[in-house]
Every structure is written in C-alpha cells, then in structure tokens.
$ cat coords.txt   # compact mmCIF, C-alpha atoms
# COMPACT_ATOMS: atom_id res chain seq x y z
CA MET A 1 123.72 104.61 116.92
CA LYS A 2 122.26 104.01 120.36
CA GLN A 3 119.35 101.70 120.99
CA VAL A 4 116.15 103.70 121.49
CA GLU A 5 114.70 103.28 124.95
CA GLN A 6 111.00 102.75 125.47
CA GLY A 7 109.15 106.05 125.15
CA GLN A 8 111.91 107.74 123.14
CA THR A 9 111.57 108.69 119.50
CA GLY A 10 113.71 106.92 116.96
CA GLY A 11 114.92 108.13 113.60
CA ALA A 12 113.31 107.69 110.21
CA ILE A 13 114.14 107.66 106.52
CA PHE A 14 111.74 107.95 103.60
CA VAL A 15 112.30 105.75 100.53
CA ALA A 16 110.86 107.64 97.59
CA ALA A 17 110.77 106.82 93.89
CA THR A 18 110.88 108.69 90.61
CA ASP A 19 107.87 106.71 89.38
CA THR A 20 105.86 103.59 90.08
CA GLY A 21 107.46 100.18 89.55
CA VAL A 22 111.08 101.32 89.82
CA GLY A 23 112.13 98.88 92.57
CA LYS A 24 111.27 100.95 95.63
CA THR A 25 109.88 97.99 97.60
CA MET A 26 112.96 95.86 96.99
CA ILE A 27 115.26 98.70 98.04
CA SER A 28 113.14 99.30 101.18
CA ALA A 29 113.29 95.59 102.04
CA LEU A 30 117.05 95.48 101.54
CA VAL A 31 117.56 98.60 103.66
CA VAL A 32 115.60 97.04 106.55
CA ASP A 33 117.45 93.75 106.15
CA PHE A 34 120.88 95.40 105.91
CA LEU A 35 120.32 97.51 109.02
CA ARG A 36 119.01 94.61 111.08
CA ARG A 37 122.02 92.50 110.15
CA ARG A 38 124.20 95.26 111.55
CA GLY A 39 122.36 95.46 114.84
CA VAL A 40 120.04 98.38 114.10
CA ALA A 41 116.47 97.85 115.31
CA ALA A 42 114.89 98.86 111.99
CA ALA A 43 111.16 98.71 111.25
CA TYR A 44 109.03 99.32 108.18
CA GLN A 45 105.97 101.38 107.38
CA LYS A 46 104.09 102.13 104.14
CA TRP A 47 101.38 104.72 104.52
CA VAL A 48 99.22 103.57 101.60
CA ALA A 49 99.20 100.36 99.57
CA THR A 50 97.03 100.00 96.48
CA GLY A 51 96.33 96.99 94.32
CA CYS A 52 95.86 94.82 97.41
CA SER A 53 94.30 91.48 96.54
CA GLY A 54 94.62 89.90 99.98
CA PRO A 55 94.75 90.86 103.66
CA VAL A 56 98.54 91.40 103.62
CA PRO A 57 99.90 93.88 101.03
CA ALA A 58 102.56 92.48 98.72
CA ASP A 59 104.99 95.23 99.76
CA LEU A 60 104.82 94.26 103.43
CA ALA A 61 105.11 90.56 102.63
CA ALA A 62 108.22 91.25 100.52
CA VAL A 63 109.91 93.17 103.33
CA ALA A 64 109.08 90.43 105.83
CA ALA A 65 110.46 87.75 103.50
CA CYS A 66 113.67 89.70 102.92
CA SER A 67 114.38 90.59 106.53
CA GLY A 68 113.30 87.22 107.92
CA GLN A 69 111.29 89.01 110.61
CA PRO A 70 107.79 90.48 110.66
CA PRO A 71 108.40 94.24 110.42
CA ALA A 72 104.74 94.92 111.08
CA LEU A 73 105.24 94.03 114.75
CA ALA A 74 107.64 96.88 115.49
CA GLY A 75 106.02 99.41 117.78
CA ALA A 76 102.63 97.68 117.60
CA GLY A 77 102.58 96.35 121.12
CA GLY A 78 101.83 92.87 119.84
CA SER A 79 103.76 89.66 120.17
CA VAL A 80 104.94 86.93 117.85
CA ALA A 81 102.20 84.77 119.32
CA ASP A 82 99.69 87.13 117.74
CA GLY A 83 101.02 86.16 114.32
CA PRO A 84 103.38 88.19 112.14
CA PHE A 85 100.54 90.23 110.69
CA ALA A 86 98.19 90.66 113.66
CA ALA A 87 95.49 93.28 113.06
CA ARG A 88 97.06 96.02 115.17
CA ALA A 89 100.51 95.42 113.74
CA LEU A 90 99.18 95.41 110.19
CA GLN A 91 97.36 98.69 110.77
CA LEU A 92 100.54 100.29 112.08
CA ALA A 93 102.70 99.02 109.23
CA VAL A 94 100.28 99.80 106.37
CA PRO A 95 97.50 102.08 107.62
CA TYR A 96 95.63 102.33 104.32
CA ARG A 97 95.09 99.36 102.00
CA PHE A 98 92.97 99.56 98.85
CA ARG A 99 92.08 97.11 96.09
CA LEU A 100 92.34 99.33 93.01
CA PRO A 101 95.91 99.59 91.63
CA ALA A 102 95.78 103.36 91.25
CA SER A 103 96.85 106.60 92.92
CA PRO A 104 95.89 106.66 96.63
CA HIS A 105 93.30 109.40 96.20
CA LEU A 106 91.41 107.47 93.51
CA ALA A 107 91.83 104.04 95.09
CA ALA A 108 90.38 105.40 98.34
CA GLU A 109 87.47 107.13 96.60
CA GLN A 110 86.52 103.92 94.79
CA GLU A 111 85.92 102.34 98.20
CA GLY A 112 84.13 105.36 99.63
CA GLY A 113 87.12 106.39 101.72
CA ARG A 114 89.76 109.08 102.01
CA VAL A 115 93.39 109.07 103.10
CA GLU A 116 93.64 111.28 106.20
CA PRO A 117 97.10 112.86 106.69
CA GLU A 118 96.53 113.41 110.42
CA ARG A 119 96.00 109.67 110.93
CA LEU A 120 99.21 108.99 109.03
CA ARG A 121 101.11 111.47 111.20
CA THR A 122 99.85 109.79 114.36
CA LEU A 123 100.69 106.25 113.22
CA PHE A 124 104.06 107.40 111.89
CA ARG A 125 104.99 108.76 115.32
CA GLN A 126 103.82 105.57 117.01
CA ALA A 127 105.88 103.38 114.70
CA ARG A 128 108.94 105.60 114.95
CA ALA A 129 108.81 105.55 118.75
CA GLY A 130 108.91 101.76 118.79
CA CYS A 131 112.15 101.23 116.88
CA GLU A 132 115.63 102.57 116.36
CA LEU A 133 115.07 103.54 112.75
CA LEU A 134 111.82 103.52 110.77
CA VAL A 135 112.03 102.93 107.02
CA VAL A 136 108.97 104.50 105.39
CA GLU A 137 108.25 103.38 101.83
CA GLY A 138 106.46 105.80 99.53
CA VAL A 139 103.68 105.01 97.10
CA GLY A 140 104.30 105.75 93.43
CA GLY A 141 106.21 108.96 92.69
CA LEU A 142 106.66 112.00 94.91
CA LEU A 143 103.81 114.07 93.49
CA VAL A 144 101.19 111.35 93.88
CA PRO A 145 98.05 112.72 95.61
CA LEU A 146 97.15 111.17 98.95
CA ASN A 147 93.79 112.89 98.61
CA ARG A 148 92.41 115.76 96.54
CA GLN A 149 94.19 118.33 98.74
CA LYS A 150 97.48 116.71 99.81
CA LEU A 151 100.45 115.42 97.81
CA LEU A 152 102.64 112.65 99.20
CA VAL A 153 105.77 114.81 99.12
CA ASP A 154 104.08 117.56 101.13
CA LEU A 155 103.37 115.19 104.02
CA VAL A 156 107.01 114.04 103.85
CA ALA A 157 108.05 117.71 104.04
CA GLU A 158 105.80 118.39 107.03
CA LEU A 159 107.51 115.53 108.86
CA ALA A 160 110.94 116.71 107.61
CA LEU A 161 112.02 113.20 106.67
CA PRO A 162 115.39 112.57 105.00
CA VAL A 163 114.80 111.00 101.61
CA LEU A 164 116.48 108.12 99.79
CA LEU A 165 115.44 108.36 96.14
CA VAL A 166 115.12 105.21 94.02
CA ALA A 167 115.44 105.66 90.25
CA ARG A 168 115.46 103.43 87.18
CA SER A 169 118.89 102.71 85.73
CA GLY A 170 117.93 102.82 82.06
CA LEU A 171 116.63 105.19 79.40
CA GLY A 172 114.37 108.02 80.60
CA THR A 173 115.68 108.19 84.14
CA ILE A 174 117.54 111.51 83.80
CA ASN A 175 114.36 113.55 83.32
CA HIS A 176 112.37 111.73 86.02
CA THR A 177 115.21 111.85 88.55
CA LEU A 178 116.15 115.51 88.07
CA LEU A 179 112.49 116.53 88.32
CA SER A 180 112.14 114.51 91.54
CA LEU A 181 115.25 116.19 92.96
CA GLU A 182 113.76 119.61 92.16
CA ALA A 183 110.55 118.67 93.96
CA LEU A 184 112.52 117.60 97.04
CA ARG A 185 114.78 120.65 97.10
CA SER A 186 111.93 123.11 96.58
CA ARG A 187 110.52 121.77 99.85
CA LYS A 188 113.93 121.89 101.56
CA LEU A 189 113.90 118.15 102.26
CA PRO A 190 117.21 116.56 103.30
CA LEU A 191 118.43 114.18 100.60
CA VAL A 192 120.35 111.06 101.58
CA GLY A 193 121.17 110.14 97.99
CA VAL A 194 119.99 108.26 94.91
CA VAL A 195 119.99 104.50 94.39
CA PHE A 196 119.54 103.12 90.88
CA SER A 197 117.56 99.95 90.28
CA ASP A 198 117.82 97.96 87.05
CA GLU A 199 114.46 97.44 85.39
CA ALA A 200 115.81 94.65 83.16
CA GLU A 201 118.62 92.08 83.29
CA GLU A 202 120.58 93.49 80.39
CA LEU A 203 120.73 97.27 79.98
CA PRO A 204 123.04 99.17 77.60
CA ALA A 205 126.15 99.86 79.68
CA VAL A 206 126.96 103.10 77.90
CA ILE A 207 123.52 104.54 78.77
CA VAL A 208 123.44 103.32 82.38
CA GLU A 209 126.96 104.52 83.19
CA ASP A 210 126.24 107.94 81.73
CA ASN A 211 122.91 108.14 83.58
CA LEU A 212 124.64 107.68 86.92
CA ARG A 213 127.32 110.21 86.07
CA THR A 214 124.91 112.79 84.64
CA ILE A 215 122.53 112.68 87.59
CA ALA A 216 125.40 112.92 90.07
CA GLU A 217 126.84 115.95 88.25
CA LEU A 218 123.71 117.83 87.19
CA GLY A 219 121.65 116.81 90.20
CA TRP A 220 124.38 117.60 92.73
CA VAL A 221 123.45 114.45 94.62
CA PRO A 222 125.33 111.48 96.07
CA VAL A 223 124.81 108.36 93.97
CA LEU A 224 124.95 105.48 96.47
CA GLY A 225 125.06 102.75 93.86
CA ARG A 226 123.14 100.58 91.46
CA LEU A 227 121.19 97.41 92.24
CA PRO A 228 121.30 94.97 89.31
CA ARG A 229 118.42 92.66 88.44
CA CYS A 230 119.12 89.75 90.79
CA ARG A 231 117.93 86.16 90.62
CA GLY A 232 117.24 85.31 94.23
CA LEU A 233 117.30 87.05 97.59
CA ALA A 234 120.87 86.01 98.46
CA ALA A 235 122.21 87.65 95.31
CA ALA A 236 120.23 90.83 96.01
CA ARG A 237 121.59 91.00 99.55
CA ARG A 238 125.17 90.66 98.29
CA ALA A 239 124.66 93.28 95.61
CA PHE A 240 123.18 95.70 98.15
CA ILE A 241 126.11 95.58 100.59
CA PRO A 242 128.15 98.44 99.01
CA ILE A 243 124.99 100.56 98.81
CA GLY A 244 124.17 99.84 102.44
CA GLU A 245 127.68 100.74 103.54
CA LYS A 246 127.33 104.16 101.91
CA LEU A 247 123.91 104.58 103.51
CA LEU A 248 125.07 103.85 107.06
CA PRO A 249 126.59 107.30 107.81
CA ALA A 250 123.28 108.97 106.96
CA VAL A 251 121.41 106.46 109.11
CA ALA A 252 123.81 106.97 111.99
CA ALA A 253 123.09 110.70 111.90
CA GLN A 254 119.38 110.13 112.59
$ encode --input "coords.txt" --output "structure tokens"
Amino acid sequence: MKQVEQGQTGGAIFVAATDTGVGKTMISALVVDFLRRRGVAAAYQKWVATGCSGPVPADLAAVAACSGQPPALAGAGGSVADGPFAARALQLAVPYRFRLPASPHLAAEQEGGRVEPERLRTLFRQARAGCELLVVEGVGGLLVPLNRQKLLVDLVAELALPVLLVARSGLGTINHTLLSLEALRSRKLPLVGVVFSDEAEELPAVIVEDNLRTIAELGWVPVLGRLPRCRGLAAARRAFIPIGEKLLPAVAAQ
C-alpha cells in the first residue's frame, strides 16, 4: 500500500457489529494499532457515540490508548501541541456525541438534535483524505437508526464501504450473524470477513467451535479468527496478530 499524498483520498473500512456490546470498539482499536505497527497510516472515526459522560467518548479514548497515538488528529489539520483531543480533531473523529446510552436517533432527540447524514458524509471524506486507511467504527448493530429516516447500514451502503463484521463467539450468535450478513448482501456491500469476540472468559468450546464453522459454511463468509477475553492490552495485541494478518490483504486492496 502506498502512502497517500496530501489531497488524495485514502481507503476505508467499516467495522460493524451484530449487536451492541459485542467487542466492536476493541476490534477497531486493535485494527488501528495493528496497521500502524506495520507502517500503515491508519486513522479512526466513529460517526455517533452515545452514553457519553465526558468530553471524550470512551470509544475514542480506548482506541487512543491501544494505538498509543491520538487517532482524532488524523486529517484534522491540528497538531500535537493542540492536545490529543483538540476541538477540531474531536469533531472529525466523533462528529456526534450524546449523553443518553440509546440508539442515535433517540439519543439525539433527547438533546433536541438530529443526526444529519450529509454532515457525516462530509466529515468522512475529510478524515479519509487525511490518512492512508480510515477505520470507521459503527454504533450498535447494522439496522440502528441514525435518525427517523436513515438506517446506519444504508449510509454505509451509500459510501460503498467494505465491512468487517464483529460477532459474539457464544450462544445466540448464529442467528444475529446470519441476519447481519443478509442485511449487508441485500445492499451489495463488500464483506471483508467476520471476527468473533468472546463475551466471557470461559465459553463452551463445543458451541464456539461449531458457531465459527456454521457461520463460515452457511454464511459463505471468511472467518478471520476469534479474539479471546484478554487480561491486558499486550495479551490482546498478541491474540489479534493472526486476525490482523488475514485482514491485511483486504486492507491492501483499498
């Protein structure tokens, strides 16, 4: 992959999830970290964050902690002297931030606002132009409403973003994952693959192993691997390496 020159448009990948709380933020953070460690100028963006209790969303803080660099600065025209979460950089990385931990449409309405897709398109293009590869993290599942007229997945389809789908490893994941794959394919979205994320430290091996096999076979999708429940960032980075290696060819094609 060639370094993107100033003014050129870089690539992008969308990290989606089968549901809320499946490990999407951790996977996004590890993707950014893995790519940067291999010389790819990766940046991060999350269109909407809900449940924000402070000025910096927890998702963005987690990605910054994992990568060791402030991803909010990429493409923002700021400098490190401005602080890792300067106002302009924060706006570019997470354009919409709401207090209520709910779907974006409701969280926005509770504050008298509305998520505007056109604003997201504009800021997406700005962020993508300022890096080699932009990792965009979703919010909740694919069919979450951004507002009363627009679903998250439909904006992803308009931008034609390749999707990395994050799914739970344990019981119940087959239904959620196959339905998510149908939603992606009905919109003709390119699918990078599925990554499984353990929701607990000890899951029944017979169920998890069959889940991975069943989704690969019935979903006709590449399974890039499974991230176990890790105690500490170093362990998570090590566990992600084989997943990252499988992801690299798709990233290189962007």
$ residues_around --input "coords.txt" --residues "Gly244 (chain A)" --least-positions-apart "5" --cutoff "9 Å" --atoms "all atoms listed in the file" --output "ChimeraX atom specification"
/A:30-31,34-35,224
$ closest_residue --input "coords.txt" --among "A:Leu181, A:Ala42, A:Leu227, A:Ala61" --to "Cys131 (chain A)" --atoms "all atoms listed in the file"
A:Ala42
$ residues_around --input "coords.txt" --residues "region 121-123 of chain A" --least-positions-apart "3" --cutoff "8 Å" --atoms "only C-alpha atoms" --output "number ranges by chain"
A: 92, 95, 117-118, 126-127, 159
$ closest_residue --input "coords.txt" --among "A:Thr177, A:Ser67, A:Ser103, A:Gln110" --to "Ala16 (chain A)" --atoms "only C-alpha atoms"
A:Thr177
$ residues_around --input "coords.txt" --residues "Ala93 (chain A)" --least-positions-apart "4" --cutoff "7 Å" --atoms "all atoms listed in the file" --output "list of chain:residue names"
A:Tyr44, A:Gln45, A:Lys46, A:Ala72, A:Ala89
$ write_last_selection --input "coords.txt" --atoms "C-alpha atoms" --output "compact mmCIF listing (two decimals), in the frame of the given file"
# COMPACT_ATOMS: atom_id res chain seq x y z
CA TYR A 44 109.03 99.32 108.18
CA GLN A 45 105.97 101.38 107.38
CA LYS A 46 104.09 102.13 104.14
CA ALA A 72 104.74 94.92 111.08
CA ALA A 89 100.51 95.42 113.74
$ closest_residue --input "coords.txt" --among "A:Pro55, A:Gly225, A:Gly141, A:Gly21" --to "Ala87 (chain A)" --atoms "only C-alpha atoms"
A:Pro55
$ residues_around --input "coords.txt" --residues "region 143-146 of chain A" --least-positions-apart "2" --cutoff "12 Å" --atoms "all atoms listed in the file" --output "PDB file with C-alpha atoms, keeping the file's coordinate frame"
ATOM      1  CA  ALA A  16     110.860 107.640  97.590  1.00  0.00           C
ATOM      2  CA  ALA A  17     110.770 106.820  93.890  1.00  0.00           C
ATOM      3  CA  THR A  18     110.880 108.690  90.610  1.00  0.00           C
ATOM      4  CA  ASP A  19     107.870 106.710  89.380  1.00  0.00           C
ATOM      5  CA  THR A  20     105.860 103.590  90.080  1.00  0.00           C
ATOM      6  CA  TRP A  47     101.380 104.720 104.520  1.00  0.00           C
ATOM      7  CA  VAL A  48      99.220 103.570 101.600  1.00  0.00           C
ATOM      8  CA  ALA A  49      99.200 100.360  99.570  1.00  0.00           C
ATOM      9  CA  THR A  50      97.030 100.000  96.480  1.00  0.00           C
ATOM     10  CA  TYR A  96      95.630 102.330 104.320  1.00  0.00           C
ATOM     11  CA  ALA A 102      95.780 103.360  91.250  1.00  0.00           C
ATOM     12  CA  SER A 103      96.850 106.600  92.920  1.00  0.00           C
ATOM     13  CA  PRO A 104      95.890 106.660  96.630  1.00  0.00           C
ATOM     14  CA  HIS A 105      93.300 109.400  96.200  1.00  0.00           C
ATOM     15  CA  LEU A 106      91.410 107.470  93.510  1.00  0.00           C
ATOM     16  CA  ALA A 107      91.830 104.040  95.090  1.00  0.00           C
ATOM     17  CA  ALA A 108      90.380 105.400  98.340  1.00  0.00           C
ATOM     18  CA  GLU A 109      87.470 107.130  96.600  1.00  0.00           C
ATOM     19  CA  GLY A 113      87.120 106.390 101.720  1.00  0.00           C
ATOM     20  CA  ARG A 114      89.760 109.080 102.010  1.00  0.00           C
ATOM     21  CA  VAL A 115      93.390 109.070 103.100  1.00  0.00           C
ATOM     22  CA  GLU A 116      93.640 111.280 106.200  1.00  0.00           C
ATOM     23  CA  PRO A 117      97.100 112.860 106.690  1.00  0.00           C
ATOM     24  CA  GLU A 118      96.530 113.410 110.420  1.00  0.00           C
ATOM     25  CA  LEU A 120      99.210 108.990 109.030  1.00  0.00           C
ATOM     26  CA  GLY A 138     106.460 105.800  99.530  1.00  0.00           C
ATOM     27  CA  VAL A 139     103.680 105.010  97.100  1.00  0.00           C
ATOM     28  CA  GLY A 140     104.300 105.750  93.430  1.00  0.00           C
ATOM     29  CA  GLY A 141     106.210 108.960  92.690  1.00  0.00           C
ATOM     30  CA  ARG A 148      92.410 115.760  96.540  1.00  0.00           C
ATOM     31  CA  GLN A 149      94.190 118.330  98.740  1.00  0.00           C
ATOM     32  CA  LYS A 150      97.480 116.710  99.810  1.00  0.00           C
ATOM     33  CA  LEU A 151     100.450 115.420  97.810  1.00  0.00           C
ATOM     34  CA  LEU A 152     102.640 112.650  99.200  1.00  0.00           C
ATOM     35  CA  VAL A 153     105.770 114.810  99.120  1.00  0.00           C
ATOM     36  CA  ASP A 154     104.080 117.560 101.130  1.00  0.00           C
ATOM     37  CA  LEU A 155     103.370 115.190 104.020  1.00  0.00           C
ATOM     38  CA  VAL A 156     107.010 114.040 103.850  1.00  0.00           C
ATOM     39  CA  ALA A 157     108.050 117.710 104.040  1.00  0.00           C
ATOM     40  CA  HIS A 176     112.370 111.730  86.020  1.00  0.00           C
ATOM     41  CA  LEU A 179     112.490 116.530  88.320  1.00  0.00           C
ATOM     42  CA  SER A 180     112.140 114.510  91.540  1.00  0.00           C
ATOM     43  CA  LEU A 181     115.250 116.190  92.960  1.00  0.00           C
ATOM     44  CA  GLU A 182     113.760 119.610  92.160  1.00  0.00           C
ATOM     45  CA  ALA A 183     110.550 118.670  93.960  1.00  0.00           C
ATOM     46  CA  LEU A 184     112.520 117.600  97.040  1.00  0.00           C
TER      47      LEU A 184
END
$ closest_residue --input "coords.txt" --among "A:Ala250, A:Ala200, A:Ala58, A:Ala160" --to "Arg185 (chain A)" --atoms "only C-alpha atoms"
A:Ala160
$ residues_around --input "coords.txt" --residues "Pro222 (chain A)" --least-positions-apart "5" --cutoff "10 Å" --atoms "only C-alpha atoms" --output "list in words"
Leu191, Val192, Gly193, Val194, Val195, Leu212, Ile215, Ala216, Glu217 and Lys246 of chain A
$ atom_distance --input "coords.txt" --atom1 "CA of Leu165 (chain A)" --atom2 "CA of Val15 (chain A)"
6.0 Å
$ closest_residue --input "coords.txt" --among "A:Ser186, A:Ser197, A:Asn147, A:Asn175" --to "Leu218 (chain A)" --atoms "only C-alpha atoms"
A:Asn175
$ closest_residue --input "coords.txt" --among "A:Arg213, A:Lys24, A:Lys188, A:Arg226" --to "Ile241 (chain A)" --atoms "all atoms listed in the file"
A:Arg226
$ atom_distance --input "coords.txt" --atom1 "CA of Val251 (chain A)" --atom2 "CA of Leu133 (chain A)"
7.9 Å
$ atom_distance --input "coords.txt" --atom1 "CA of Leu178 (chain A)" --atom2 "CA of Leu60 (chain A)"
28.6 Å
$ decode --input "coords.txt" --residues "region 92-130 of chain A" --atoms "N, CA and C atoms" --output "mmCIF file, in the first residue's frame"
data_model
loop_
_atom_site.group_PDB
_atom_site.id
_atom_site.type_symbol
_atom_site.label_atom_id
_atom_site.label_comp_id
_atom_site.auth_asym_id
_atom_site.auth_seq_id
_atom_site.Cartn_x
_atom_site.Cartn_y
_atom_site.Cartn_z
ATOM 1 N N LEU A 92 -13.925 15.796 14.154
ATOM 2 C CA LEU A 92 -13.678 14.964 12.981
ATOM 3 C C LEU A 92 -13.733 13.485 13.332
ATOM 4 N N ALA A 93 -13.216 13.121 14.496
ATOM 5 C CA ALA A 93 -13.171 11.717 14.884
ATOM 6 C C ALA A 93 -14.535 11.192 15.310
ATOM 7 N N VAL A 94 -15.269 11.988 16.093
ATOM 8 C CA VAL A 94 -16.598 11.573 16.565
ATOM 9 C C VAL A 94 -17.548 12.759 16.396
ATOM 10 N N PRO A 95 -18.141 12.904 15.228
ATOM 11 C CA PRO A 95 -18.949 14.088 14.928
ATOM 12 C C PRO A 95 -20.138 14.301 15.850
ATOM 13 N N TYR A 96 -20.810 13.210 16.234
ATOM 14 C CA TYR A 96 -21.976 13.335 17.101
ATOM 15 C C TYR A 96 -21.730 12.598 18.413
ATOM 16 N N ARG A 97 -21.967 13.297 19.522
ATOM 17 C CA ARG A 97 -21.752 12.729 20.856
ATOM 18 C C ARG A 97 -22.954 13.084 21.729
ATOM 19 N N PHE A 98 -23.609 12.053 22.273
ATOM 20 C CA PHE A 98 -24.817 12.261 23.063
ATOM 21 C C PHE A 98 -24.707 11.562 24.415
ATOM 22 N N ARG A 99 -25.425 12.084 25.383
ATOM 23 C CA ARG A 99 -25.341 11.549 26.749
ATOM 24 C C ARG A 99 -26.133 10.257 26.946
ATOM 25 N N LEU A 100 -27.322 10.173 26.373
ATOM 26 C CA LEU A 100 -28.186 9.020 26.620
ATOM 27 C C LEU A 100 -27.617 7.761 25.954
ATOM 28 N N PRO A 101 -27.454 6.662 26.712
ATOM 29 C CA PRO A 101 -26.974 5.409 26.101
ATOM 30 C C PRO A 101 -28.109 4.707 25.375
ATOM 31 N N ALA A 102 -28.394 5.167 24.167
ATOM 32 C CA ALA A 102 -29.525 4.663 23.398
ATOM 33 C C ALA A 102 -29.182 4.721 21.912
ATOM 34 N N SER A 103 -30.119 4.302 21.088
ATOM 35 C CA SER A 103 -29.950 4.407 19.636
ATOM 36 C C SER A 103 -29.697 5.868 19.250
ATOM 37 N N PRO A 104 -28.884 6.113 18.219
ATOM 38 C CA PRO A 104 -28.562 7.500 17.851
ATOM 39 C C PRO A 104 -29.777 8.393 17.635
ATOM 40 N N HIS A 105 -30.818 7.865 17.009
ATOM 41 C CA HIS A 105 -31.972 8.719 16.718
ATOM 42 C C HIS A 105 -32.624 9.216 18.007
ATOM 43 N N LEU A 106 -32.742 8.338 18.998
ATOM 44 C CA LEU A 106 -33.367 8.716 20.262
ATOM 45 C C LEU A 106 -32.439 9.569 21.118
ATOM 46 N N ALA A 107 -31.162 9.198 21.162
ATOM 47 C CA ALA A 107 -30.201 9.976 21.955
ATOM 48 C C ALA A 107 -30.120 11.411 21.446
ATOM 49 N N ALA A 108 -30.171 11.579 20.125
ATOM 50 C CA ALA A 108 -30.139 12.928 19.551
ATOM 51 C C ALA A 108 -31.412 13.694 19.888
ATOM 52 N N GLU A 109 -32.553 13.036 19.758
ATOM 53 C CA GLU A 109 -33.831 13.709 20.025
ATOM 54 C C GLU A 109 -33.940 14.171 21.474
ATOM 55 N N GLN A 110 -33.366 13.408 22.389
ATOM 56 C CA GLN A 110 -33.429 13.777 23.808
ATOM 57 C C GLN A 110 -32.657 15.061 24.099
ATOM 58 N N GLU A 111 -31.750 15.432 23.191
ATOM 59 C CA GLU A 111 -30.994 16.673 23.354
ATOM 60 C C GLU A 111 -31.426 17.730 22.346
ATOM 61 N N GLY A 112 -32.576 17.485 21.710
ATOM 62 C CA GLY A 112 -33.110 18.446 20.756
ATOM 63 C C GLY A 112 -32.350 18.488 19.447
ATOM 64 N N GLY A 113 -31.645 17.417 19.123
ATOM 65 C CA GLY A 113 -30.838 17.383 17.908
ATOM 66 C C GLY A 113 -31.278 16.312 16.927
ATOM 67 N N ARG A 114 -30.473 16.141 15.885
ATOM 68 C CA ARG A 114 -30.744 15.155 14.852
ATOM 69 C C ARG A 114 -29.432 14.816 14.166
ATOM 70 N N VAL A 115 -29.203 13.555 13.911
ATOM 71 C CA VAL A 115 -28.015 13.138 13.172
ATOM 72 C C VAL A 115 -28.264 13.407 11.688
ATOM 73 N N GLU A 116 -27.388 14.200 11.084
ATOM 74 C CA GLU A 116 -27.533 14.579 9.673
ATOM 75 C C GLU A 116 -26.562 13.775 8.819
ATOM 76 N N PRO A 117 -27.051 12.874 7.970
ATOM 77 C CA PRO A 117 -26.180 12.052 7.131
ATOM 78 C C PRO A 117 -25.241 12.855 6.232
ATOM 79 N N GLU A 118 -25.704 13.993 5.732
ATOM 80 C CA GLU A 118 -24.845 14.780 4.840
ATOM 81 C C GLU A 118 -23.619 15.302 5.581
ATOM 82 N N ARG A 119 -23.784 15.683 6.830
ATOM 83 C CA ARG A 119 -22.632 16.110 7.640
ATOM 84 C C ARG A 119 -21.661 14.950 7.840
ATOM 85 N N LEU A 120 -22.205 13.769 8.073
ATOM 86 C CA LEU A 120 -21.345 12.595 8.245
ATOM 87 C C LEU A 120 -20.580 12.278 6.961
ATOM 88 N N ARG A 121 -21.242 12.406 5.825
ATOM 89 C CA ARG A 121 -20.549 12.164 4.546
ATOM 90 C C ARG A 121 -19.387 13.135 4.373
ATOM 91 N N THR A 122 -19.625 14.384 4.675
ATOM 92 C CA THR A 122 -18.584 15.409 4.517
ATOM 93 C C THR A 122 -17.395 15.137 5.427
ATOM 94 N N LEU A 123 -17.658 14.863 6.705
ATOM 95 C CA LEU A 123 -16.573 14.621 7.652
ATOM 96 C C LEU A 123 -15.877 13.289 7.385
ATOM 97 N N PHE A 124 -16.612 12.319 6.870
ATOM 98 C CA PHE A 124 -15.985 11.059 6.472
ATOM 99 C C PHE A 124 -14.954 11.302 5.366
ATOM 100 N N ARG A 125 -15.336 12.060 4.367
ATOM 101 C CA ARG A 125 -14.415 12.334 3.252
ATOM 102 C C ARG A 125 -13.195 13.125 3.727
ATOM 103 N N GLN A 126 -13.403 14.049 4.637
ATOM 104 C CA GLN A 126 -12.277 14.817 5.171
ATOM 105 C C GLN A 126 -11.307 13.909 5.917
ATOM 106 N N ALA A 127 -11.834 13.043 6.763
ATOM 107 C CA ALA A 127 -10.982 12.145 7.534
ATOM 108 C C ALA A 127 -10.269 11.149 6.633
ATOM 109 N N ARG A 128 -10.973 10.633 5.646
ATOM 110 C CA ARG A 128 -10.375 9.650 4.739
ATOM 111 C C ARG A 128 -9.256 10.270 3.910
ATOM 112 N N ALA A 129 -9.404 11.536 3.550
ATOM 113 C CA ALA A 129 -8.388 12.200 2.736
ATOM 114 C C ALA A 129 -7.110 12.467 3.514
ATOM 115 N N GLY A 130 -7.180 12.420 4.853
ATOM 116 C CA GLY A 130 -6.020 12.761 5.650
ATOM 117 C C GLY A 130 -5.236 11.573 6.160
#
